[in-house]
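**Student:** My structure is stored as entry16.txt, with compact mmCIF, C-alpha atoms and all ligand atoms.
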```
# COMPACT_ATOMS: atom_id res chain seq x y z
CA MET P 1 2.27 26.71 17.83
CA GLU P 2 1.34 25.90 21.41
CA ALA P 3 1.06 22.15 22.04
CA PHE P 4 -2.30 22.28 23.83
CA PRO P 5 -3.92 25.67 23.16
CA GLU P 6 -6.48 27.01 25.58
CA GLY P 7 -10.03 26.08 24.61
CA THR P 8 -8.98 22.81 22.95
CA TYR P 9 -9.20 20.64 26.07
CA HIS P 10 -10.45 20.32 29.60
CA GLY P 11 -9.07 17.97 32.26
CA PRO P 12 -5.69 16.24 32.16
CA ILE P 13 -4.18 15.42 28.76
CA PRO P 14 -3.63 11.64 28.25
CA GLU P 15 0.01 10.64 28.73
CA GLY P 16 0.19 9.25 25.19
CA CYS P 17 -0.68 12.71 23.82
CA THR P 18 1.87 14.49 26.02
CA LEU P 19 4.68 12.32 24.63
CA CYS P 20 3.30 12.62 21.12
CA ALA P 21 3.48 16.42 21.37
CA LEU P 22 7.22 16.07 22.02
CA GLY P 23 7.54 14.00 18.84
CA ALA P 24 8.73 11.24 21.17
CA LYS P 25 6.28 8.54 20.11
CA MET P 26 7.13 6.01 17.44
CA VAL P 27 4.17 5.14 15.23
CA LEU P 28 3.91 1.38 14.92
CA PHE P 29 1.40 0.53 12.21
CA VAL P 30 1.00 -3.19 12.76
CA THR P 31 -1.46 -4.02 10.01
CA GLY P 32 -3.55 -2.27 7.37
CA ALA P 33 -6.27 -4.89 7.79
CA CYS P 34 -9.48 -3.85 9.56
CA LEU P 35 -13.04 -5.19 9.71
CA GLY P 36 -14.37 -1.63 9.80
CA THR P 37 -15.96 0.10 6.82
CA CYS P 38 -15.70 3.76 7.82
CA TYR P 39 -16.35 5.93 4.77
CA TYR P 40 -13.87 8.50 6.10
CA CYS P 41 -11.03 5.98 6.67
CA PRO P 42 -7.89 7.97 5.72
CA LEU P 43 -5.48 5.04 5.24
CA SER P 44 -3.30 5.33 2.13
CA GLU P 45 -3.56 2.97 -0.88
CA LYS P 46 -0.15 1.63 0.08
CA ARG P 47 -1.30 0.51 3.53
CA LYS P 48 -5.07 0.01 3.44
CA GLY P 49 -5.94 -3.66 3.78
CA VAL P 50 -2.26 -4.67 3.65
CA TRP P 51 -1.00 -7.28 6.12
CA ALA P 52 2.35 -5.65 6.80
CA THR P 53 3.97 -3.61 9.56
CA TRP P 54 5.66 -0.21 9.50
CA ALA P 55 7.64 1.40 12.32
CA ASN P 56 7.34 5.09 11.39
CA GLU P 57 8.09 5.07 7.62
CA ARG P 58 10.11 1.86 7.78
CA LYS P 59 8.59 -1.46 6.74
CA VAL P 60 9.61 -4.01 9.39
CA SER P 61 9.27 -7.74 9.74
CA SER P 62 10.57 -8.29 13.26
CA ALA P 63 10.34 -6.79 16.72
CA GLU P 64 14.12 -6.18 16.62
CA GLU P 65 13.72 -3.85 13.62
CA ALA P 66 10.96 -1.95 15.40
CA VAL P 67 13.13 -1.58 18.51
CA ASP P 68 15.97 -0.32 16.30
CA GLU P 69 13.69 2.31 14.77
CA ALA P 70 12.56 3.37 18.27
CA ARG P 71 16.21 3.77 19.30
CA LEU P 72 17.05 5.84 16.21
CA MET P 73 14.43 8.42 17.17
CA ASP P 74 15.08 8.24 20.94
CA ALA P 75 11.43 7.25 21.36
CA LEU P 76 9.92 7.58 24.82
CA GLY P 77 6.91 5.58 23.73
CA THR P 78 4.96 4.05 20.87
CA GLY P 79 1.48 4.46 19.45
CA ILE P 80 0.31 1.15 17.99
CA THR P 81 -2.17 1.64 15.19
CA GLY P 82 -3.59 0.23 11.97
CA GLY P 83 -6.06 -1.00 10.60
CA ASP P 84 -7.05 -2.90 13.69
CA PRO P 85 -4.04 -4.12 15.74
CA LEU P 86 -6.34 -6.67 17.38
CA LEU P 87 -6.60 -8.60 14.10
CA VAL P 88 -2.93 -9.45 14.67
CA LEU P 89 -3.04 -9.58 18.46
CA ASP P 90 -0.08 -11.98 18.77
CA ASP P 91 2.15 -9.68 16.73
CA THR P 92 0.90 -6.62 18.59
CA ILE P 93 1.78 -8.19 21.94
CA THR P 94 5.17 -9.40 20.64
CA TYR P 95 6.11 -5.91 19.41
CA ALA P 96 4.87 -4.23 22.59
CA ARG P 97 6.72 -6.72 24.82
CA ALA P 98 9.97 -6.22 22.89
CA LEU P 99 9.70 -2.42 23.24
CA LYS P 100 8.95 -2.69 26.96
CA ASP P 101 11.93 -5.02 27.43
CA ALA P 102 14.30 -2.81 25.40
CA PHE P 103 13.66 0.46 27.24
CA ASP P 104 13.33 1.38 30.93
CA HIS P 105 10.21 3.49 30.53
CA HIS P 106 8.34 3.18 27.28
CA HIS P 107 4.72 4.29 27.23
CA ILE P 108 2.55 2.37 24.75
CA HIS P 109 -0.91 3.33 23.59
CA LEU P 110 -3.03 1.34 21.18
CA TYR P 111 -5.81 2.37 18.79
CA THR P 112 -8.60 -0.04 17.93
CA PRO P 113 -12.18 0.08 16.68
CA GLY P 114 -12.69 -2.34 19.57
CA THR P 115 -14.97 -4.89 17.90
CA LEU P 116 -12.48 -7.66 18.75
CA VAL P 117 -12.00 -6.61 22.36
CA ASP P 118 -13.02 -9.25 24.89
CA SER P 119 -11.82 -10.29 28.36
CA MET P 120 -9.20 -12.67 27.00
CA ALA P 121 -7.72 -10.05 24.64
CA MET P 122 -7.70 -7.49 27.45
CA GLN P 123 -5.75 -9.85 29.69
CA TYR P 124 -2.92 -9.87 27.15
CA ILE P 125 -3.21 -6.19 26.35
CA GLU P 126 -3.08 -4.93 29.93
CA GLN P 127 0.25 -6.67 30.49
CA VAL P 128 2.13 -4.59 27.91
CA ILE P 129 -0.08 -1.66 26.84
CA ASP P 130 -0.55 1.43 29.02
CA GLU P 131 -3.44 3.12 27.25
CA ILE P 132 -6.15 1.86 24.88
CA ARG P 133 -8.10 4.22 22.60
CA PHE P 134 -11.38 3.06 21.11
CA HIS P 135 -12.87 4.26 17.87
CA PRO P 136 -16.09 2.23 18.12
CA PRO P 137 -18.57 1.83 15.27
CA GLY P 138 -21.86 3.56 16.12
CA TYR P 139 -20.26 5.13 19.23
CA ASP P 140 -20.98 1.90 21.09
CA VAL P 141 -19.48 1.90 24.62
CA GLU P 142 -20.01 -1.77 25.53
CA ARG P 143 -16.40 -2.90 24.81
CA ILE P 144 -15.06 0.25 26.44
CA GLU P 145 -16.95 -0.68 29.59
CA LEU P 146 -15.40 -4.14 29.44
CA ALA P 147 -11.89 -2.70 29.04
CA LEU P 148 -12.43 -0.48 32.08
CA ARG P 149 -12.45 -3.60 34.24
CA HIS P 150 -8.76 -4.01 33.45
CA ASP P 151 -5.62 -2.34 34.74
CA ILE P 152 -5.07 0.08 31.87
CA SER P 153 -6.00 3.64 30.91
CA VAL P 154 -9.12 3.48 28.70
CA GLY P 155 -10.45 6.20 26.45
CA ALA P 156 -11.90 6.93 23.03
CA GLU P 157 -10.52 8.78 20.04
CA VAL P 158 -12.86 9.71 17.22
CA PRO P 159 -12.95 12.25 14.40
CA ALA P 160 -15.13 15.34 14.82
CA ILE P 161 -17.51 14.82 11.90
CA PRO P 162 -19.46 17.95 10.99
CA GLY P 163 -23.19 17.35 11.42
CA LEU P 164 -22.75 14.82 14.25
CA LYS P 165 -22.64 17.24 17.17
CA ASP P 166 -25.50 15.63 19.10
CA ASP P 167 -24.11 12.11 18.58
CA LEU P 168 -20.67 13.19 19.80
CA ILE P 169 -22.00 14.96 22.88
CA SER P 170 -24.15 11.97 23.73
CA PHE P 171 -21.08 9.71 23.25
CA ALA P 172 -19.07 11.93 25.64
CA CYS P 173 -21.90 11.70 28.22
CA ARG P 174 -22.05 7.90 27.97
CA LEU P 175 -18.25 7.66 28.32
CA ASP P 176 -18.51 9.89 31.37
CA ASP P 177 -21.26 7.70 32.86
CA ILE P 178 -19.19 4.52 32.58
CA GLY P 179 -16.08 6.23 33.98
CA ALA P 180 -13.91 6.21 30.82
CA HIS P 181 -10.63 8.03 31.35
CA PHE P 182 -10.61 10.41 28.35
CA LEU P 183 -12.12 11.36 25.01
CA ASN P 184 -9.90 12.65 22.19
CA LEU P 185 -11.41 14.38 19.18
CA ASN P 186 -9.43 14.49 15.96
CA GLU P 187 -9.87 16.90 13.13
CA LEU P 188 -11.49 14.99 10.26
CA GLU P 189 -8.92 14.70 7.46
CA TYR P 190 -9.19 13.98 3.77
CA SER P 191 -6.71 11.80 1.93
CA GLU P 192 -6.24 10.22 -1.50
CA THR P 193 -8.52 7.34 -0.50
CA ASN P 194 -11.42 9.06 1.27
CA ALA P 195 -11.69 12.40 -0.59
CA SER P 196 -14.31 11.34 -3.13
CA GLY P 197 -16.49 9.67 -0.45
CA LEU P 198 -16.30 12.78 1.73
CA ARG P 199 -17.08 15.06 -1.20
CA ALA P 200 -20.07 12.89 -2.15
CA ARG P 201 -21.43 13.49 1.36
CA GLY P 202 -21.13 17.24 0.93
CA PHE P 203 -17.96 17.93 2.90
CA SER P 204 -15.53 20.58 1.67
CA PHE P 205 -11.79 20.75 2.25
CA SER P 206 -9.38 23.28 3.65
CA THR P 207 -6.78 24.52 1.17
CA ASP P 208 -3.92 24.95 3.64
CA SER P 209 -4.12 21.58 5.44
CA ASN P 210 -5.68 18.12 5.11
CA ALA P 211 -8.63 19.18 7.24
CA VAL P 212 -12.30 18.90 6.40
CA GLU P 213 -14.02 22.29 6.79
CA GLY P 214 -16.06 22.68 9.96
CA SER P 215 -14.43 19.83 11.87
CA GLU P 216 -12.28 22.07 14.05
CA GLU P 217 -15.16 24.40 14.93
CA LEU P 218 -17.28 21.40 15.88
CA ALA P 219 -14.52 19.87 18.04
CA ILE P 220 -13.97 23.12 19.94
CA ASP P 221 -17.71 23.47 20.38
CA ILE P 222 -17.87 19.98 21.90
CA VAL P 223 -14.92 20.66 24.22
CA GLY P 224 -16.90 23.65 25.54
CA ALA P 225 -20.22 21.79 25.71
CA THR P 226 -18.72 18.95 27.78
CA ALA P 227 -16.77 21.14 30.23
CA ASP P 228 -19.03 20.14 33.14
CA LEU P 229 -18.40 16.41 32.66
CA ASP P 230 -15.71 14.63 34.68
CA ILE P 231 -14.21 12.99 31.61
CA PRO P 232 -11.27 14.95 30.14
CA VAL P 233 -11.92 15.95 26.51
CA HIS P 234 -9.10 17.00 24.18
CA TYR P 235 -9.04 18.11 20.56
CA CYS P 236 -6.03 17.45 18.29
CA SER P 237 -5.85 19.40 15.03
CA SER P 238 -4.46 18.30 11.69
CA ARG P 239 -2.11 21.33 11.74
CA PHE P 240 -0.77 20.29 15.11
CA LYS P 241 0.02 16.80 13.87
CA ASP P 242 2.02 18.21 10.95
CA SER P 243 3.64 21.23 12.48
CA ILE P 244 4.63 19.89 15.88
CA GLN P 245 4.27 16.16 16.30
CA PHE P 246 5.73 15.13 12.93
CA ARG P 247 8.40 17.83 12.83
CA GLU P 248 9.62 17.06 16.36
CA ARG P 249 9.75 13.36 15.52
CA LEU P 250 11.88 14.14 12.45
CA LYS P 251 14.28 16.22 14.55
CA ARG P 252 14.77 13.42 17.05
CA ARG P 253 15.64 10.96 14.28
CA ALA P 254 17.72 13.46 12.29
CA LYS P 255 20.03 13.98 15.27
CA ASN P 256 20.90 10.28 15.32
CA VAL P 257 21.10 9.46 11.62
CA ARG P 258 22.70 12.58 10.10
CA LYS P 259 26.02 12.23 8.35
CA LYS P 260 28.77 14.64 9.37
CA TYR P 261 28.25 16.60 6.14
CA GLU P 262 24.50 17.02 6.70
CA ASP P 263 22.81 19.88 8.58
CA ILE P 264 19.39 19.73 10.24
CA ASP P 265 17.02 22.60 9.37
CA ASP P 266 14.19 24.03 11.50
CA ASP P 267 11.72 21.52 10.04
CA GLY P 268 13.90 18.53 10.97
CA LEU P 269 15.00 17.96 7.35
CA LEU P 270 18.56 16.94 6.46
CA VAL P 271 20.33 19.39 4.16
CA ARG P 272 23.37 18.43 2.07
CA GLY P 273 25.18 19.33 -1.10
CA GLU P 274 25.38 17.02 -4.09
CA ILE P 275 27.58 17.04 -7.15
CA GLU P 276 26.40 14.83 -9.98
CA ALA P 277 29.45 14.04 -12.13
CA HIS P 278 27.70 11.63 -14.57
CA THR P 279 30.88 9.52 -15.03
CA VAL P 280 33.10 7.69 -12.55
CA LYS P 281 36.21 9.41 -13.92
CA ARG P 282 34.77 12.89 -13.31
CA ARG P 283 33.41 11.78 -9.93
CA ASP P 284 36.92 10.80 -8.84
CA GLU P 285 38.24 14.18 -9.93
CA VAL P 286 35.57 15.84 -7.79
CA LEU P 287 36.40 13.56 -4.87
CA SER P 288 40.07 14.45 -4.89
CA ALA P 289 39.30 18.18 -5.11
CA ILE P 290 36.96 17.90 -2.10
CA SER P 291 39.44 15.82 -0.10
CA GLU P 292 41.92 18.66 -0.38
CA LEU P 293 39.30 21.17 0.70
CA PHE P 294 38.47 19.17 3.84
CA GLU P 295 42.08 18.16 4.54
CA ARG P 296 41.15 14.56 3.82
CA ASP P 297 38.31 14.32 6.38
CA ASP P 298 36.63 11.27 4.88
CA ASP P 299 33.46 11.82 6.92
CA MET P 300 32.75 15.05 5.05
CA VAL P 301 32.39 13.40 1.69
CA GLU P 302 30.71 10.32 0.27
CA ALA P 303 30.53 8.83 -3.23
CA ARG P 304 27.13 7.50 -4.37
CA GLY P 305 27.21 6.06 -7.88
CA THR P 306 28.49 8.86 -10.10
CA ALA P 307 27.50 11.52 -7.54
CA VAL P 308 29.40 12.99 -4.62
CA ARG P 309 27.70 14.10 -1.43
CA THR P 310 29.17 16.69 0.89
CA SER P 311 28.06 19.73 2.88
CA TRP P 312 25.85 22.33 1.19
CA ALA P 313 28.39 25.03 2.06
CA ALA P 314 31.17 23.07 0.35
CA VAL P 315 29.06 22.64 -2.76
CA GLU P 316 28.46 26.39 -2.95
CA GLU P 317 32.20 26.97 -2.62
CA LEU P 318 33.19 24.21 -5.07
CA ARG P 319 30.80 25.56 -7.67
CA GLU P 320 32.95 28.68 -7.82
CA ILE P 321 36.35 26.99 -7.96
CA LEU P 322 35.88 23.57 -9.51
CA ASN P 323 36.50 23.68 -13.21
CA ILE P 324 35.22 20.29 -14.38
CA PRO P 325 32.78 20.49 -17.28
CA GLY P 326 29.52 18.50 -17.19
CA VAL P 327 28.98 18.35 -13.43
CA GLN P 328 25.80 19.54 -11.75
CA PHE P 329 25.73 21.16 -8.29
CA SER P 330 22.67 21.04 -6.09
CA ILE P 331 21.42 21.42 -2.53
CA VAL P 332 19.15 18.63 -1.39
CA LYS P 333 16.69 18.50 1.51
CA GLU P 334 15.34 15.14 2.57
CA TYR P 335 13.39 13.53 5.39
CA PRO P 336 15.61 11.83 7.98
CA THR P 337 13.26 8.85 7.72
CA TYR P 338 14.21 5.31 6.76
CA ASP P 339 13.18 5.89 3.14
CA ARG P 340 15.05 9.24 3.03
CA GLN P 341 12.46 10.80 0.76
CA VAL P 342 13.79 13.88 -1.06
CA VAL P 343 11.66 16.94 -0.30
CA GLU P 344 13.50 19.54 -2.37
CA LYS P 345 16.41 19.63 -4.81
CA GLU P 346 17.72 23.05 -5.77
CA ILE P 347 20.02 23.01 -8.80
CA LEU P 348 22.67 25.72 -8.39
S1 LIG P 401 -11.76 1.57 12.12
FE1 LIG P 401 -10.07 2.91 11.53
S2 LIG P 401 -8.77 1.66 10.18
FE2 LIG P 401 -10.76 0.63 10.34
S3 LIG P 401 -11.95 1.36 8.60
FE3 LIG P 401 -12.47 2.70 10.32
S4 LIG P 401 -11.02 4.43 10.18
FE4 LIG P 401 -10.21 2.78 8.86
```
Translate the structure of the given file into structure tokens.
**Tutor:**
Amino acid sequence: MEAFPEGTYHGPIPEGCTLCALGAKMVLFVTGACLGTCYYCPLSEKRKGVWATWANERKVSSAEEAVDEARLMDALGTGITGGDPLLVLDDTITYARALKDAFDHHHIHLYTPGTLVDSMAMQYIEQVIDEIRFHPPGYDVERIELALRHDISVGAEVPAIPGLKDDLISFACRLDDIGAHFLNLNELEYSETNASGLRARGFSFSTDSNAVEGSEELAIDIVGATADLDIPVHYCSSRFKDSIQFRERLKRRAKNVRKKYEDIDDDGLLVRGEIEAHTVKRRDEVLSAISELFERDDDMVEARGTAVRTSWAAVEELREILNIPGVQFSIVKEYPTYDRQVVEKEIL
């Protein structure tokens, strides 16, 4: 899938998006708290309204942990999001400052509904944030105008909500009038928390992605309808976020965290073999058999409880030659994320 397909944008793409397309942006979710009441808010149960911070999938409680996560994925930048990061402005600035200090060039963009933006907040923000993206209630541009007086790239990022074509075009025109630097349109997505609200308003859902039907068509329509404006307009699809941005981010992290016995597949997942022995005695028998196979290369094998982890190829081979009753052989695929969520387990 092409990163920025023809017809989905006009004008230059914001720098934050260019790095995001490479999977090179860490997602720093600083707080789940927000004063907004958007009926389409897609935040998960786990994060919505929660005063906690995640760097990618890792819950963090210090700037050092966030910097560590950025290093593990070779991040070239960070997107700070929430909730509203301005509700925890001190923390937001502390995290951003630490990331700027830790890396030579680290582009940081920040999402906010903008209701807490004022001159004082902008003075802090412009020191450490490169790009601010507003998602203003009622498409109000007043705070965006205020932010434009500061030394920072200023744009808006809003979902393309079917039925709101005129409102969105008028928003794009007002942004253009005040000299905003870009408008991003997202595909409206459904989630566990917003699905019933969206359904109640008559929206229907795609079966092969998280997208709300009609959102993409509307976004592309608006990109075309605003082509004569000076403001760059860019549409980002739900498919793109999953198939490129997320996958590329996984690959970057997988490269740095994989064990010697793990392979990385085309989707950025880690693939390994596992032998569940169910008892420590049997596990040790398995371990000694594998050590012989790998000429005692300790990095190719690891004991975890009563299980043994090694390469998937070794597990396929051992299944044929290992004659220990009661052991189970499998090939496991998991995310290279901090929580190492298992995606697939194939019992051989
Ligand atoms: S502004 Fe964003 S985080 Fe806040 S309620 Fe709306 S969609 Fe959710």
**Student:** Can you tell me which residues surround Ala313 (chain P) at a distance of at most 9 Å, considering all atoms listed in the file, apart from same-chain residues fewer than 5 positions away, and format the answer as a ChimeraX atom specification?
**Tutor:** /P:272-273,318
**Student:** Kindly compile the residues surrounding ligand LIG 401 (chain P) within 7 Å, counting only C-alpha atoms and all ligand atoms, and format them as a PDB file with C-alpha atoms, keeping the file's coordinate frame.
**Tutor:**
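Result file selection_31.pdb:
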```pdb
ATOM      1  CA  CYS P  34      -9.480  -3.850   9.560  1.00  0.00           C
ATOM      2  CA  LEU P  35     -13.040  -5.190   9.710  1.00  0.00           C
ATOM      3  CA  GLY P  36     -14.370  -1.630   9.800  1.00  0.00           C
ATOM      4  CA  THR P  37     -15.960   0.100   6.820  1.00  0.00           C
ATOM      5  CA  CYS P  38     -15.700   3.760   7.820  1.00  0.00           C
ATOM      6  CA  TYR P  40     -13.870   8.500   6.100  1.00  0.00           C
ATOM      7  CA  CYS P  41     -11.030   5.980   6.670  1.00  0.00           C
ATOM      8  CA  PRO P  42      -7.890   7.970   5.720  1.00  0.00           C
ATOM      9  CA  LEU P  43      -5.480   5.040   5.240  1.00  0.00           C
ATOM     10  CA  GLY P  82      -3.590   0.230  11.970  1.00  0.00           C
ATOM     11  CA  GLY P  83      -6.060  -1.000  10.600  1.00  0.00           C
ATOM     12  CA  ASP P  84      -7.050  -2.900  13.690  1.00  0.00           C
ATOM     13  CA  THR P 112      -8.600  -0.040  17.930  1.00  0.00           C
ATOM     14  CA  PRO P 113     -12.180   0.080  16.680  1.00  0.00           C
ATOM     15  CA  HIS P 135     -12.870   4.260  17.870  1.00  0.00           C
TER      16      HIS P 135
END
```
**Student:** Tell me, in Å to one decimal, how far CA of Thr92 (chain P) is from CA of Ile231 (chain P).
**Tutor:**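 Answer for the CA of Thr92 (chain P) to CA of Ile231 (chain P) separation: 28.0 Å.
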**Student:** Interatomic distance between CA of Lys259 (chain P) and CA of Ile244 (chain P)?
**Tutor:**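 It comes out at 23.9 Å.
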**Student:** Taking all atoms listed in the file into account, name the residue in P:Val308, P:Ala160, P:Leu270, P:Leu22 that is nearest to Ser288 (chain P).
**Tutor:** P:Val308
**Student:** Counting only C-alpha atoms, which of P:Ile129, P:Leu146, P:Lys251, P:Asp263 gets nearest to His106 (chain P)?
**Tutor:**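 Of P:Ile129, P:Leu146, P:Lys251, P:Asp263, the one nearest His106 (chain P), counting only C-alpha atoms, is P:Ile129.
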**Student:** Hey, what's within 10 Å of Ala52 (chain P) if we count only C-alpha atoms and toss same-chain stuff fewer than 3 positions away? As a list in words, please?
**Tutor:**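 With the cut-off at 10 Å, the set is Phe29, Val30, Thr31, Gly32, Ala33, Arg47, Lys48, Gly49, Lys59, Val60, Ser61 and Gly82 of chain P.
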**Student:** Interatomic distance between CA of Gln341 (chain P) and CA of Leu269 (chain P)?
**Tutor:**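 Distance reported for this atom pair: 10.1 Å.
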**Student:** For a quick check of understanding, using only C-alpha atoms, which of P:Phe4, P:Trp54, P:Phe103, P:Phe134 has the smallest distance to Thr18 (chain P)?
**Tutor:**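 Selected residue with least distance to Thr18 (chain P): P:Phe4.
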**Student:** From the set P:Glu126, P:Glu187, P:Asp140, P:Asp167, which residue has the shortest atom-to-atom contact distance to Val154 (chain P), counting all atoms listed in the file?
**Tutor:**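 Residue with the minimum atom-to-atom distance to Val154 (chain P): P:Glu126.
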**Student:** Here is a test: counting only C-alpha atoms, which residue of P:Ser153, P:Thr226, P:Gln245, P:Thr115 is nearest to Pro137 (chain P)?
**Tutor:**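 Under the stated criterion, the closest residue is P:Thr115.
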**Student:** So that I can see what lies close to Val327 (chain P), please list as a list in words the residues with an atom at most 8 Å from it, counting only C-alpha atoms and leaving out residues fewer than 5 positions away in the same chain.
**Tutor:**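 Result of the neighbour search: Ile275, Glu276, Ala277, His278 and Arg282 of chain P.
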**Student:** For each of P:Asp104, P:Asp166, P:Glu285, P:Asp91, take the minimum atom-to-atom distance to Ile125 (chain P), counting all atoms listed in the file, then give the residue where this is smallest.
**Tutor:**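 Nearest to Ile125 (chain P): P:Asp91.
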**Student:** Excluding Ala121 (chain P) and residues on its chain fewer than 2 positions from it, collect all residues at most 10 Å away from it, counting only C-alpha atoms, and give them as a PyMOL selection string.
**Tutor:** chain P and resi 86+89-90+116-119+123-126+147
**Student:** Which residues are near Glu69 (chain P)? Cut-off 9 Å, only C-alpha atoms, ignore same chain within fewer than 6 positions. Put them as a list in words.
**Tutor:**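 Non-adjacent residues within range: Met26, Ala55, Asn56, Arg58, Ala75, Arg253 and Tyr338 of chain P.
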**Student:** Put those residues in a file: C-alpha atoms, as a PDB file, keeping the file's coordinate frame.
**Tutor:**
```pdb
ATOM      1  CA  MET P  26       7.130   6.010  17.440  1.00  0.00           C
ATOM      2  CA  ALA P  55       7.640   1.400  12.320  1.00  0.00           C
ATOM      3  CA  ASN P  56       7.340   5.090  11.390  1.00  0.00           C
ATOM      4  CA  ARG P  58      10.110   1.860   7.780  1.00  0.00           C
ATOM      5  CA  ALA P  75      11.430   7.250  21.360  1.00  0.00           C
ATOM      6  CA  ARG P 253      15.640  10.960  14.280  1.00  0.00           C
ATOM      7  CA  TYR P 338      14.210   5.310   6.760  1.00  0.00           C
TER       8      TYR P 338
END
```
